[in-house]
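Read through the structure below, which is laid out as structure tokens, and then see the notes.
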Amino acid sequence: MSKAKVKTAFFCQECGVETAKWAGQCPSCKAWNTIVEEVISSAKPQNEEIQAKNWKNLKSGIHAEAILLDEIISGDEFRYLTPDSEFNRCVGGGLMVGSITLIAGDPGIGKSTLFLQIALQWKEFKILYISGEESAQQIKMRADRIGIKNPNLFLLTEADHQKIFKEINKIKPQFIIVDSIQTMSSPFIESAPGSVSQVKACTAEWQKFAKQTQIPVIVIGHITKEGSIAGPKVLEHMVDTVLQFEGDRHFAYRMLRTLKNRFGSTSEMGIYEMMADGLQAVSNPSEILISQYEEAFSGMAIAASIEGTRPLLIEVQALVTQSVYGTPQRTTTGFDNKRLQLLLAVLDKKGGFQFGMRDVFLNITGGLKVEDPALDLGIVAALISSYEDQSLPEKMCFIGEVGLSGEVRSVQRLEQRVLEAVKLGMRFIFIPKASKTIPRFEDNSIYIIPIQKIEELYHKLFNK
Ligand code: TYD
Ligand code: MG
């Protein structure tokens, strides 16, 4: 074999951009010292030859020739229902045939546990779990901890793609999990595993494999400190679905969130609890997210959010204190800091408050991250409550977006939120007056309170 000319390219390890030459600062993401030269050899034709040979026994799902769209017989879209209903919902109602799904998350959050668990529970298919990170013993220990046995589950601790595809050809699995893409290495790319070119090349191979063989592939990837996947967004466009597994390490709850989905909605979310024997799906999230204190505290309010298709009651905690330093602090956990600043500005201007001289801390309990604008009213209520140092009455819930003029704007799927609130025992439910329909209840212990402006909220809460 003649030695191929060594070909190199420069990649930003942060955002994945390819540059012509080395630079101190990345021209795209502006990060410093992230451009690295990576060796890539030009062995492409050979690569494809080997892949074609390796995969030849597996049935083909894509066509090399152009065909008329009209001639394609449309079948029902075929989805596999895995034993994990939270996961099924996140991927749009089941795992699509021939799809490639990327699972991103911080190290240690529980990605390997979740997918080993799904593999152990799913007994009707031949599954291959490929790990480039851990030894067979380590994985066996984790499986013992989960405590499920699956005679159809194969384990392969290997990181070399060439060997992996050979093994796949032998075993002929129907579902594949790759843990993690940062450890995999394609023999055709010479740079180290985990480098941008290597991660990209490996993902491309899995993508092609999934499309050609119609075997669904799950690819696990770590996110970097900055929160991007495999360094960057480079992988997101190569896969069909991107799920992020997240959660506060100090809490037992973990959220599986859909960031991209070619086959379904992107606002889905699954909630799990990390137990001693693996992850347990949480089917009634509202109940666990609301604390059941006997006594009410100032600065606490309950808001009704929608995460994906599910309504979710969320507890918001605010602490407003006199500022010690010149510039007041605004600290948030689980909520957008800019949005908080906006709400504070509206409260200052429209409600006559003086948050400008106070530090504000805001926390969404349970380690949850939320973006639903309908939480605004609950946040405003928590802020006012802490400002006044008066607790809100029990069984009170808030729904509404707050606009720049202090108006309470209508929200999506109001009825679903109100029903969830009532189901969880809420009795005083604030909703936007601008809502098209105001839900009504026969039970006259339930008060639906429509409000138009945040000024009204203050008067209604404290009768002042
Ligand atoms: P892991 O799946 O190894 O994380 P990742 O693959 O995302 O890096 O999860 C590691 C954490 O999960 C570890 O801190 C131990 C904890 N854990 C449990 O609490 N219960 C369990 O049953 C298992 C298997 C792990
Ligand atoms: Mg892992």
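Ordering of the structure tokens sets the chain letters (A, B, ...), residue numbers begin anew at 1 in every chain, and ligands are numbered from 1 in the order given.
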Could I get the residues of chain A with an atom no further than 7 Å from an atom of ligand 2, each paired with its nearest atom pair and that distance in Å to one decimal, using only C-alpha atoms and all ligand atoms, sorted by chain and residue number, as a Markdown table?
| residue | atom | partner | partner_atom_place_in_ligand_line | distance |
| --- | --- | --- | --- | --- |
| A:Pro107 | CA | ligand 2 | 1 (Mg) | 6.7 |
| A:Gly108 | CA | ligand 2 | 1 (Mg) | 6.5 |
| A:Gly110 | CA | ligand 2 | 1 (Mg) | 6.8 |
| A:Lys111 | CA | ligand 2 | 1 (Mg) | 5.7 |
| A:Ser112 | CA | ligand 2 | 1 (Mg) | 4.2 |
| A:Asp179 | CA | ligand 2 | 1 (Mg) | 6.6 |
With N, CA and C atoms retained, export the selected residues as a compact mmCIF listing (two decimals), in the first residue's frame.
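The result, stored in part-v2.txt:
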# COMPACT_ATOMS: atom_id res chain seq x y z
N PRO A 107 -20.86 14.83 31.87
CA PRO A 107 -20.37 13.55 32.37
C PRO A 107 -20.99 13.26 33.75
N GLY A 108 -21.36 12.03 33.98
CA GLY A 108 -21.87 11.65 35.29
C GLY A 108 -23.34 11.92 35.52
N GLY A 110 -25.86 10.49 33.99
CA GLY A 110 -26.63 9.24 33.95
C GLY A 110 -26.98 8.74 32.56
N LYS A 111 -26.25 9.20 31.56
CA LYS A 111 -26.55 8.78 30.18
C LYS A 111 -26.34 7.29 29.99
N SER A 112 -25.20 6.79 30.47
CA SER A 112 -24.91 5.36 30.31
C SER A 112 -25.94 4.53 31.08
N ASP A 179 -21.53 4.35 23.12
CA ASP A 179 -21.23 5.12 24.34
C ASP A 179 -19.72 5.29 24.44
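Proximity to Pro373 in chain A at 10 Å, evaluated using only C-alpha atoms and with sequence-adjacent residues fewer than 3 positions away removed, yields Ser305, Ile306, Arg339, Val370, Asp376, Leu377, Ile399, Gly400, Glu401, Val402, Gly403, Arg409, Val411 and Gln412 of chain A.
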Please, could you write that set of residues out with N, CA and C atoms as a short mmCIF file (atom, residue, chain, number, x, y, z; two decimals), in the first residue's frame?
data_model
loop_
_atom_site.label_atom_id
_atom_site.label_comp_id
_atom_site.auth_asym_id
_atom_site.auth_seq_id
_atom_site.Cartn_x
_atom_site.Cartn_y
_atom_site.Cartn_z
N SER A 305 -46.83 25.45 34.36
CA SER A 305 -46.08 25.52 33.11
C SER A 305 -46.52 24.36 32.21
N ILE A 306 -46.13 24.42 30.95
CA ILE A 306 -46.33 23.28 30.06
C ILE A 306 -44.97 22.89 29.55
N ARG A 339 -34.49 37.54 31.49
CA ARG A 339 -35.95 37.60 31.65
C ARG A 339 -36.28 38.14 33.05
N VAL A 370 -36.47 26.05 33.19
CA VAL A 370 -37.72 26.30 32.48
C VAL A 370 -37.63 27.54 31.61
N ASP A 376 -44.07 33.78 34.04
CA ASP A 376 -43.80 35.16 34.45
C ASP A 376 -44.63 35.60 35.65
N LEU A 377 -45.92 35.33 35.57
CA LEU A 377 -46.81 35.82 36.63
C LEU A 377 -46.44 35.21 37.98
N ILE A 399 -50.78 31.82 36.43
CA ILE A 399 -50.55 31.50 35.01
C ILE A 399 -50.61 32.81 34.23
N GLY A 400 -49.58 33.14 33.48
CA GLY A 400 -49.64 34.34 32.64
C GLY A 400 -48.28 34.84 32.24
N GLU A 401 -48.21 35.37 31.03
CA GLU A 401 -46.98 36.00 30.57
C GLU A 401 -47.09 37.49 30.90
N VAL A 402 -45.97 38.11 31.25
CA VAL A 402 -46.02 39.54 31.56
C VAL A 402 -45.34 40.31 30.42
N GLY A 403 -46.06 41.29 29.89
CA GLY A 403 -45.52 42.09 28.78
C GLY A 403 -44.77 43.29 29.30
N ARG A 409 -50.42 38.77 29.63
CA ARG A 409 -50.80 38.28 28.31
C ARG A 409 -51.29 36.85 28.37
N VAL A 411 -51.86 32.93 27.47
CA VAL A 411 -50.87 31.87 27.27
C VAL A 411 -51.51 30.71 26.52
N GLN A 412 -50.65 29.87 25.98
CA GLN A 412 -51.13 28.67 25.28
C GLN A 412 -51.71 27.67 26.26
#
Nearby residues, ligand 1, 7 Å, only C-alpha atoms and all ligand atoms, as a list in words: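 Written in the requested form, the residues are Gly105, Asp106, Pro107, Gly108, Ile109, Gly110, Lys111, Ser112, Thr113, Leu114, Arg142, Arg145, Ile146, Met274, Met275, Ala276, Asp277, Gly278 and Leu279 of chain A.
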Who sits within 8 Å of Pro187 in chain A, only C-alpha atoms, same chain under 2 positions skipped, as a list of chain:residue names: A:Asp160, A:His161, A:Gln162, A:Ser185, A:Ile189, A:Glu190
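Shortest separation to Thr321 in chain A among A:Val346, A:Val282, A:Met357, A:Ala301 occurs at residue A:Met357, atoms counted being only C-alpha atoms.
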Long-range neighbours of His459 in chain A as number ranges by chain, 12 Å cut-off, only C-alpha atoms, 6 positions minimum in chain: A: 351, 381, 384, 451, 453
Using N, CA and C atoms, can you export the residues from the last selection as a JSON list (two decimals), in the first residue's frame?
[["chain", "number", "residue", "atom", "x", "y", "z"],
["A", 351, "GLY", "N", -45.19, 48.92, 38.85],
["A", 351, "GLY", "CA", -45.72, 48.55, 40.16],
["A", 351, "GLY", "C", -45.23, 49.48, 41.26],
["A", 381, "ALA", "N", -45.17, 37.17, 41.26],
["A", 381, "ALA", "CA", -45.83, 36.97, 42.56],
["A", 381, "ALA", "C", -44.80, 36.61, 43.64],
["A", 384, "ILE", "N", -42.81, 39.81, 44.49],
["A", 384, "ILE", "CA", -43.57, 40.75, 45.32],
["A", 384, "ILE", "C", -43.68, 40.21, 46.75],
["A", 451, "ILE", "N", -56.71, 38.45, 35.65],
["A", 451, "ILE", "CA", -56.12, 39.77, 35.87],
["A", 451, "ILE", "C", -55.53, 40.33, 34.58],
["A", 453, "LYS", "N", -53.43, 43.51, 34.59],
["A", 453, "LYS", "CA", -52.15, 44.20, 34.74],
["A", 453, "LYS", "C", -51.47, 43.76, 36.03]]
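Using only C-alpha atoms, the smallest distance between any of A:Lys170, A:Leu404, A:Glu86, A:Asp70 and Ala345 in chain A comes from A:Leu404.
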Per-residue DSSP, range 30-255 of chain A, filtered to alpha helix (DSSP H), as a ChimeraX atom specification: /A:44-55,85-90,111-121,136-146,161-171,196-213
Mind listing the strand (DSSP E) residues of range 219-369 of chain A, per DSSP on the backbone, as a PDB file with N, CA and C atoms, in the first residue's frame?
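Saved file selection_32.pdb follows:
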ATOM      1  N   VAL A 219     -26.419   7.524  19.779  1.00  0.00           N
ATOM      2  CA  VAL A 219     -25.039   7.951  19.980  1.00  0.00           C
ATOM      3  C   VAL A 219     -25.003   8.836  21.221  1.00  0.00           C
ATOM      4  N   ILE A 220     -24.162   8.460  22.186  1.00  0.00           N
ATOM      5  CA  ILE A 220     -24.061   9.258  23.404  1.00  0.00           C
ATOM      6  C   ILE A 220     -22.885  10.216  23.266  1.00  0.00           C
ATOM      7  N   GLY A 221     -23.059  11.448  23.674  1.00  0.00           N
ATOM      8  CA  GLY A 221     -21.967  12.430  23.580  1.00  0.00           C
ATOM      9  C   GLY A 221     -21.901  13.303  24.823  1.00  0.00           C
ATOM     10  N   HIS A 222     -20.692  13.592  25.259  1.00  0.00           N
ATOM     11  CA  HIS A 222     -20.537  14.488  26.419  1.00  0.00           C
ATOM     12  C   HIS A 222     -20.601  15.923  25.953  1.00  0.00           C
ATOM     13  N   THR A 241     -32.205  13.295  15.598  1.00  0.00           N
ATOM     14  CA  THR A 241     -32.800  13.764  16.846  1.00  0.00           C
ATOM     15  C   THR A 241     -31.691  14.072  17.850  1.00  0.00           C
ATOM     16  N   VAL A 242     -31.841  15.158  18.567  1.00  0.00           N
ATOM     17  CA  VAL A 242     -30.890  15.472  19.629  1.00  0.00           C
ATOM     18  C   VAL A 242     -31.660  15.572  20.937  1.00  0.00           C
ATOM     19  N   LEU A 243     -31.255  14.760  21.899  1.00  0.00           N
ATOM     20  CA  LEU A 243     -31.875  14.842  23.220  1.00  0.00           C
ATOM     21  C   LEU A 243     -30.804  15.271  24.206  1.00  0.00           C
ATOM     22  N   GLN A 244     -31.180  16.150  25.096  1.00  0.00           N
ATOM     23  CA  GLN A 244     -30.226  16.544  26.128  1.00  0.00           C
ATOM     24  C   GLN A 244     -30.659  15.953  27.459  1.00  0.00           C
ATOM     25  N   PHE A 245     -29.716  15.326  28.136  1.00  0.00           N
ATOM     26  CA  PHE A 245     -30.011  14.752  29.447  1.00  0.00           C
ATOM     27  C   PHE A 245     -29.409  15.698  30.462  1.00  0.00           C
ATOM     28  N   GLU A 246     -30.236  16.269  31.298  1.00  0.00           N
ATOM     29  CA  GLU A 246     -29.716  17.292  32.195  1.00  0.00           C
ATOM     30  C   GLU A 246     -30.336  17.203  33.574  1.00  0.00           C
ATOM     31  N   TYR A 253     -33.418  14.416  40.389  1.00  0.00           N
ATOM     32  CA  TYR A 253     -34.209  14.467  39.159  1.00  0.00           C
ATOM     33  C   TYR A 253     -33.358  14.746  37.935  1.00  0.00           C
ATOM     34  N   ARG A 254     -33.713  14.061  36.854  1.00  0.00           N
ATOM     35  CA  ARG A 254     -33.018  14.241  35.590  1.00  0.00           C
ATOM     36  C   ARG A 254     -34.051  14.500  34.511  1.00  0.00           C
ATOM     37  N   MET A 255     -33.738  15.423  33.624  1.00  0.00           N
ATOM     38  CA  MET A 255     -34.669  15.751  32.547  1.00  0.00           C
ATOM     39  C   MET A 255     -34.078  15.345  31.196  1.00  0.00           C
ATOM     40  N   LEU A 256     -34.903  14.710  30.409  1.00  0.00           N
ATOM     41  CA  LEU A 256     -34.504  14.376  29.045  1.00  0.00           C
ATOM     42  C   LEU A 256     -35.286  15.328  28.155  1.00  0.00           C
ATOM     43  N   ARG A 257     -34.567  16.188  27.444  1.00  0.00           N
ATOM     44  CA  ARG A 257     -35.224  17.263  26.717  1.00  0.00           C
ATOM     45  C   ARG A 257     -34.924  17.151  25.227  1.00  0.00           C
ATOM     46  N   THR A 258     -35.928  17.336  24.403  1.00  0.00           N
ATOM     47  CA  THR A 258     -35.728  17.233  22.955  1.00  0.00           C
ATOM     48  C   THR A 258     -35.265  18.578  22.411  1.00  0.00           C
ATOM     49  N   LEU A 259     -34.065  18.606  21.812  1.00  0.00           N
ATOM     50  CA  LEU A 259     -33.558  19.860  21.251  1.00  0.00           C
ATOM     51  C   LEU A 259     -33.801  19.937  19.757  1.00  0.00           C
ATOM     52  N   LYS A 260     -33.803  18.765  19.116  1.00  0.00           N
ATOM     53  CA  LYS A 260     -34.041  18.733  17.678  1.00  0.00           C
ATOM     54  C   LYS A 260     -34.730  17.419  17.385  1.00  0.00           C
ATOM     55  N   ASN A 261     -35.708  17.443  16.499  1.00  0.00           N
ATOM     56  CA  ASN A 261     -36.337  16.173  16.138  1.00  0.00           C
ATOM     57  C   ASN A 261     -36.908  16.254  14.734  1.00  0.00           C
ATOM     58  N   MET A 269     -40.384  16.714  27.003  1.00  0.00           N
ATOM     59  CA  MET A 269     -39.485  16.520  28.127  1.00  0.00           C
ATOM     60  C   MET A 269     -39.875  15.273  28.902  1.00  0.00           C
ATOM     61  N   GLY A 270     -38.887  14.526  29.296  1.00  0.00           N
ATOM     62  CA  GLY A 270     -39.139  13.358  30.140  1.00  0.00           C
ATOM     63  C   GLY A 270     -38.464  13.596  31.473  1.00  0.00           C
ATOM     64  N   ILE A 271     -39.072  13.156  32.543  1.00  0.00           N
ATOM     65  CA  ILE A 271     -38.456  13.360  33.861  1.00  0.00           C
ATOM     66  C   ILE A 271     -38.190  12.013  34.522  1.00  0.00           C
ATOM     67  N   TYR A 272     -36.989  11.866  35.063  1.00  0.00           N
ATOM     68  CA  TYR A 272     -36.597  10.640  35.749  1.00  0.00           C
ATOM     69  C   TYR A 272     -36.091  10.988  37.138  1.00  0.00           C
ATOM     70  N   GLU A 273     -36.118   9.984  37.979  1.00  0.00           N
ATOM     71  CA  GLU A 273     -35.485  10.145  39.283  1.00  0.00           C
ATOM     72  C   GLU A 273     -34.369   9.112  39.391  1.00  0.00           C
ATOM     73  N   MET A 274     -33.196   9.541  39.792  1.00  0.00           N
ATOM     74  CA  MET A 274     -32.071   8.610  39.933  1.00  0.00           C
ATOM     75  C   MET A 274     -32.216   7.876  41.260  1.00  0.00           C
ATOM     76  N   MET A 275     -32.394   6.571  41.178  1.00  0.00           N
ATOM     77  CA  MET A 275     -32.569   5.756  42.379  1.00  0.00           C
ATOM     78  C   MET A 275     -31.345   4.868  42.552  1.00  0.00           C
ATOM     79  N   GLY A 278     -31.022   2.488  39.355  1.00  0.00           N
ATOM     80  CA  GLY A 278     -31.225   3.070  38.030  1.00  0.00           C
ATOM     81  C   GLY A 278     -32.208   4.219  38.027  1.00  0.00           C
ATOM     82  N   LEU A 279     -32.638   4.586  36.825  1.00  0.00           N
ATOM     83  CA  LEU A 279     -33.509   5.754  36.676  1.00  0.00           C
ATOM     84  C   LEU A 279     -34.969   5.323  36.615  1.00  0.00           C
ATOM     85  N   GLN A 280     -35.773   6.006  37.363  1.00  0.00           N
ATOM     86  CA  GLN A 280     -37.188   5.685  37.429  1.00  0.00           C
ATOM     87  C   GLN A 280     -37.965   6.827  36.774  1.00  0.00           C
ATOM     88  N   ALA A 281     -38.833   6.507  35.817  1.00  0.00           N
ATOM     89  CA  ALA A 281     -39.626   7.563  35.190  1.00  0.00           C
ATOM     90  C   ALA A 281     -40.563   8.185  36.218  1.00  0.00           C
ATOM     91  N   MET A 300     -42.386  32.477  48.021  1.00  0.00           N
ATOM     92  CA  MET A 300     -42.671  31.231  47.298  1.00  0.00           C
ATOM     93  C   MET A 300     -43.986  31.341  46.550  1.00  0.00           C
ATOM     94  N   ALA A 301     -43.978  30.909  45.303  1.00  0.00           N
ATOM     95  CA  ALA A 301     -45.213  30.923  44.521  1.00  0.00           C
ATOM     96  C   ALA A 301     -45.235  29.708  43.609  1.00  0.00           C
ATOM     97  N   ILE A 302     -46.436  29.303  43.228  1.00  0.00           N
ATOM     98  CA  ILE A 302     -46.565  28.148  42.337  1.00  0.00           C
ATOM     99  C   ILE A 302     -47.076  28.620  40.978  1.00  0.00           C
ATOM    100  N   ALA A 303     -46.424  28.141  39.927  1.00  0.00           N
ATOM    101  CA  ALA A 303     -46.835  28.524  38.576  1.00  0.00           C
ATOM    102  C   ALA A 303     -47.144  27.259  37.789  1.00  0.00           C
ATOM    103  N   ALA A 304     -48.044  27.384  36.828  1.00  0.00           N
ATOM    104  CA  ALA A 304     -48.370  26.218  35.998  1.00  0.00           C
ATOM    105  C   ALA A 304     -47.728  26.364  34.640  1.00  0.00           C
ATOM    106  N   SER A 305     -46.829  25.453  34.358  1.00  0.00           N
ATOM    107  CA  SER A 305     -46.081  25.516  33.113  1.00  0.00           C
ATOM    108  C   SER A 305     -46.517  24.361  32.213  1.00  0.00           C
ATOM    109  N   ILE A 306     -46.126  24.422  30.953  1.00  0.00           N
ATOM    110  CA  ILE A 306     -46.334  23.280  30.061  1.00  0.00           C
ATOM    111  C   ILE A 306     -44.969  22.890  29.549  1.00  0.00           C
ATOM    112  N   GLU A 307     -44.585  21.654  29.750  1.00  0.00           N
ATOM    113  CA  GLU A 307     -43.320  21.189  29.214  1.00  0.00           C
ATOM    114  C   GLU A 307     -43.645  20.147  28.167  1.00  0.00           C
ATOM    115  N   ARG A 310     -47.015  18.090  28.376  1.00  0.00           N
ATOM    116  CA  ARG A 310     -47.511  17.884  29.729  1.00  0.00           C
ATOM    117  C   ARG A 310     -47.585  19.150  30.555  1.00  0.00           C
ATOM    118  N   PRO A 311     -48.672  19.349  31.294  1.00  0.00           N
ATOM    119  CA  PRO A 311     -48.681  20.472  32.225  1.00  0.00           C
ATOM    120  C   PRO A 311     -47.849  20.104  33.450  1.00  0.00           C
ATOM    121  N   LEU A 312     -47.250  21.101  34.055  1.00  0.00           N
ATOM    122  CA  LEU A 312     -46.333  20.843  35.156  1.00  0.00           C
ATOM    123  C   LEU A 312     -46.416  22.002  36.139  1.00  0.00           C
ATOM    124  N   LEU A 313     -46.762  21.696  37.381  1.00  0.00           N
ATOM    125  CA  LEU A 313     -46.767  22.775  38.379  1.00  0.00           C
ATOM    126  C   LEU A 313     -45.356  22.919  38.920  1.00  0.00           C
ATOM    127  N   ILE A 314     -44.919  24.160  38.997  1.00  0.00           N
ATOM    128  CA  ILE A 314     -43.538  24.435  39.375  1.00  0.00           C
ATOM    129  C   ILE A 314     -43.524  25.429  40.530  1.00  0.00           C
ATOM    130  N   GLU A 315     -42.621  25.207  41.454  1.00  0.00           N
ATOM    131  CA  GLU A 315     -42.513  26.141  42.565  1.00  0.00           C
ATOM    132  C   GLU A 315     -41.370  27.114  42.300  1.00  0.00           C
ATOM    133  N   VAL A 316     -41.663  28.379  42.498  1.00  0.00           N
ATOM    134  CA  VAL A 316     -40.667  29.425  42.278  1.00  0.00           C
ATOM    135  C   VAL A 316     -40.328  30.024  43.634  1.00  0.00           C
ATOM    136  N   GLN A 317     -39.043  30.254  43.873  1.00  0.00           N
ATOM    137  CA  GLN A 317     -38.631  30.853  45.136  1.00  0.00           C
ATOM    138  C   GLN A 317     -37.842  32.114  44.848  1.00  0.00           C
ATOM    139  N   ALA A 318     -38.225  33.193  45.503  1.00  0.00           N
ATOM    140  CA  ALA A 318     -37.481  34.432  45.290  1.00  0.00           C
ATOM    141  C   ALA A 318     -36.995  34.949  46.634  1.00  0.00           C
ATOM    142  N   LEU A 319     -35.838  35.591  46.610  1.00  0.00           N
ATOM    143  CA  LEU A 319     -35.338  36.254  47.807  1.00  0.00           C
ATOM    144  C   LEU A 319     -34.897  37.652  47.403  1.00  0.00           C
ATOM    145  N   VAL A 320     -35.535  38.637  48.037  1.00  0.00           N
ATOM    146  CA  VAL A 320     -35.217  40.029  47.728  1.00  0.00           C
ATOM    147  C   VAL A 320     -34.631  40.651  48.985  1.00  0.00           C
ATOM    148  N   THR A 321     -33.402  41.143  48.893  1.00  0.00           N
ATOM    149  CA  THR A 321     -32.768  41.732  50.076  1.00  0.00           C
ATOM    150  C   THR A 321     -32.168  43.085  49.730  1.00  0.00           C
ATOM    151  N   GLN A 322     -31.889  43.848  50.761  1.00  0.00           N
ATOM    152  CA  GLN A 322     -31.246  45.145  50.575  1.00  0.00           C
ATOM    153  C   GLN A 322     -29.850  44.931  50.000  1.00  0.00           C
ATOM    154  N   ARG A 330     -28.313  39.975  40.612  1.00  0.00           N
ATOM    155  CA  ARG A 330     -29.457  39.211  40.123  1.00  0.00           C
ATOM    156  C   ARG A 330     -28.951  37.799  39.851  1.00  0.00           C
ATOM    157  N   THR A 331     -29.355  36.878  40.686  1.00  0.00           N
ATOM    158  CA  THR A 331     -28.861  35.511  40.521  1.00  0.00           C
ATOM    159  C   THR A 331     -30.038  34.582  40.292  1.00  0.00           C
ATOM    160  N   THR A 332     -29.951  33.774  39.242  1.00  0.00           N
ATOM    161  CA  THR A 332     -31.059  32.851  38.971  1.00  0.00           C
ATOM    162  C   THR A 332     -30.552  31.418  38.848  1.00  0.00           C
ATOM    163  N   THR A 333     -31.369  30.490  39.255  1.00  0.00           N
ATOM    164  CA  THR A 333     -31.092  29.072  39.010  1.00  0.00           C
ATOM    165  C   THR A 333     -32.302  28.503  38.288  1.00  0.00           C
ATOM    166  N   ARG A 358     -32.044  46.577  45.407  1.00  0.00           N
ATOM    167  CA  ARG A 358     -32.106  45.305  46.117  1.00  0.00           C
ATOM    168  C   ARG A 358     -31.464  44.172  45.316  1.00  0.00           C
ATOM    169  N   ASP A 359     -30.897  43.244  46.051  1.00  0.00           N
ATOM    170  CA  ASP A 359     -30.386  42.020  45.422  1.00  0.00           C
ATOM    171  C   ASP A 359     -31.567  41.081  45.225  1.00  0.00           C
ATOM    172  N   VAL A 360     -31.574  40.383  44.113  1.00  0.00           N
ATOM    173  CA  VAL A 360     -32.665  39.456  43.859  1.00  0.00           C
ATOM    174  C   VAL A 360     -32.097  38.081  43.504  1.00  0.00           C
ATOM    175  N   PHE A 361     -32.575  37.076  44.208  1.00  0.00           N
ATOM    176  CA  PHE A 361     -32.189  35.692  43.911  1.00  0.00           C
ATOM    177  C   PHE A 361     -33.448  34.944  43.520  1.00  0.00           C
ATOM    178  N   LEU A 362     -33.358  34.180  42.470  1.00  0.00           N
ATOM    179  CA  LEU A 362     -34.542  33.453  42.011  1.00  0.00           C
ATOM    180  C   LEU A 362     -34.164  32.003  41.739  1.00  0.00           C
ATOM    181  N   ASN A 363     -35.025  31.124  42.206  1.00  0.00           N
ATOM    182  CA  ASN A 363     -34.710  29.710  42.110  1.00  0.00           C
ATOM    183  C   ASN A 363     -35.938  28.928  41.660  1.00  0.00           C
ATOM    184  N   ILE A 364     -35.749  28.079  40.667  1.00  0.00           N
ATOM    185  CA  ILE A 364     -36.821  27.168  40.286  1.00  0.00           C
ATOM    186  C   ILE A 364     -36.515  25.877  41.030  1.00  0.00           C
TER     187      ILE A 364
END
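The shortest atom-to-atom distance to Asp240 in chain A, with only C-alpha atoms taken into account, belongs to A:Leu95 out of A:Leu95, A:Ile67, A:Leu414, A:Cys15.
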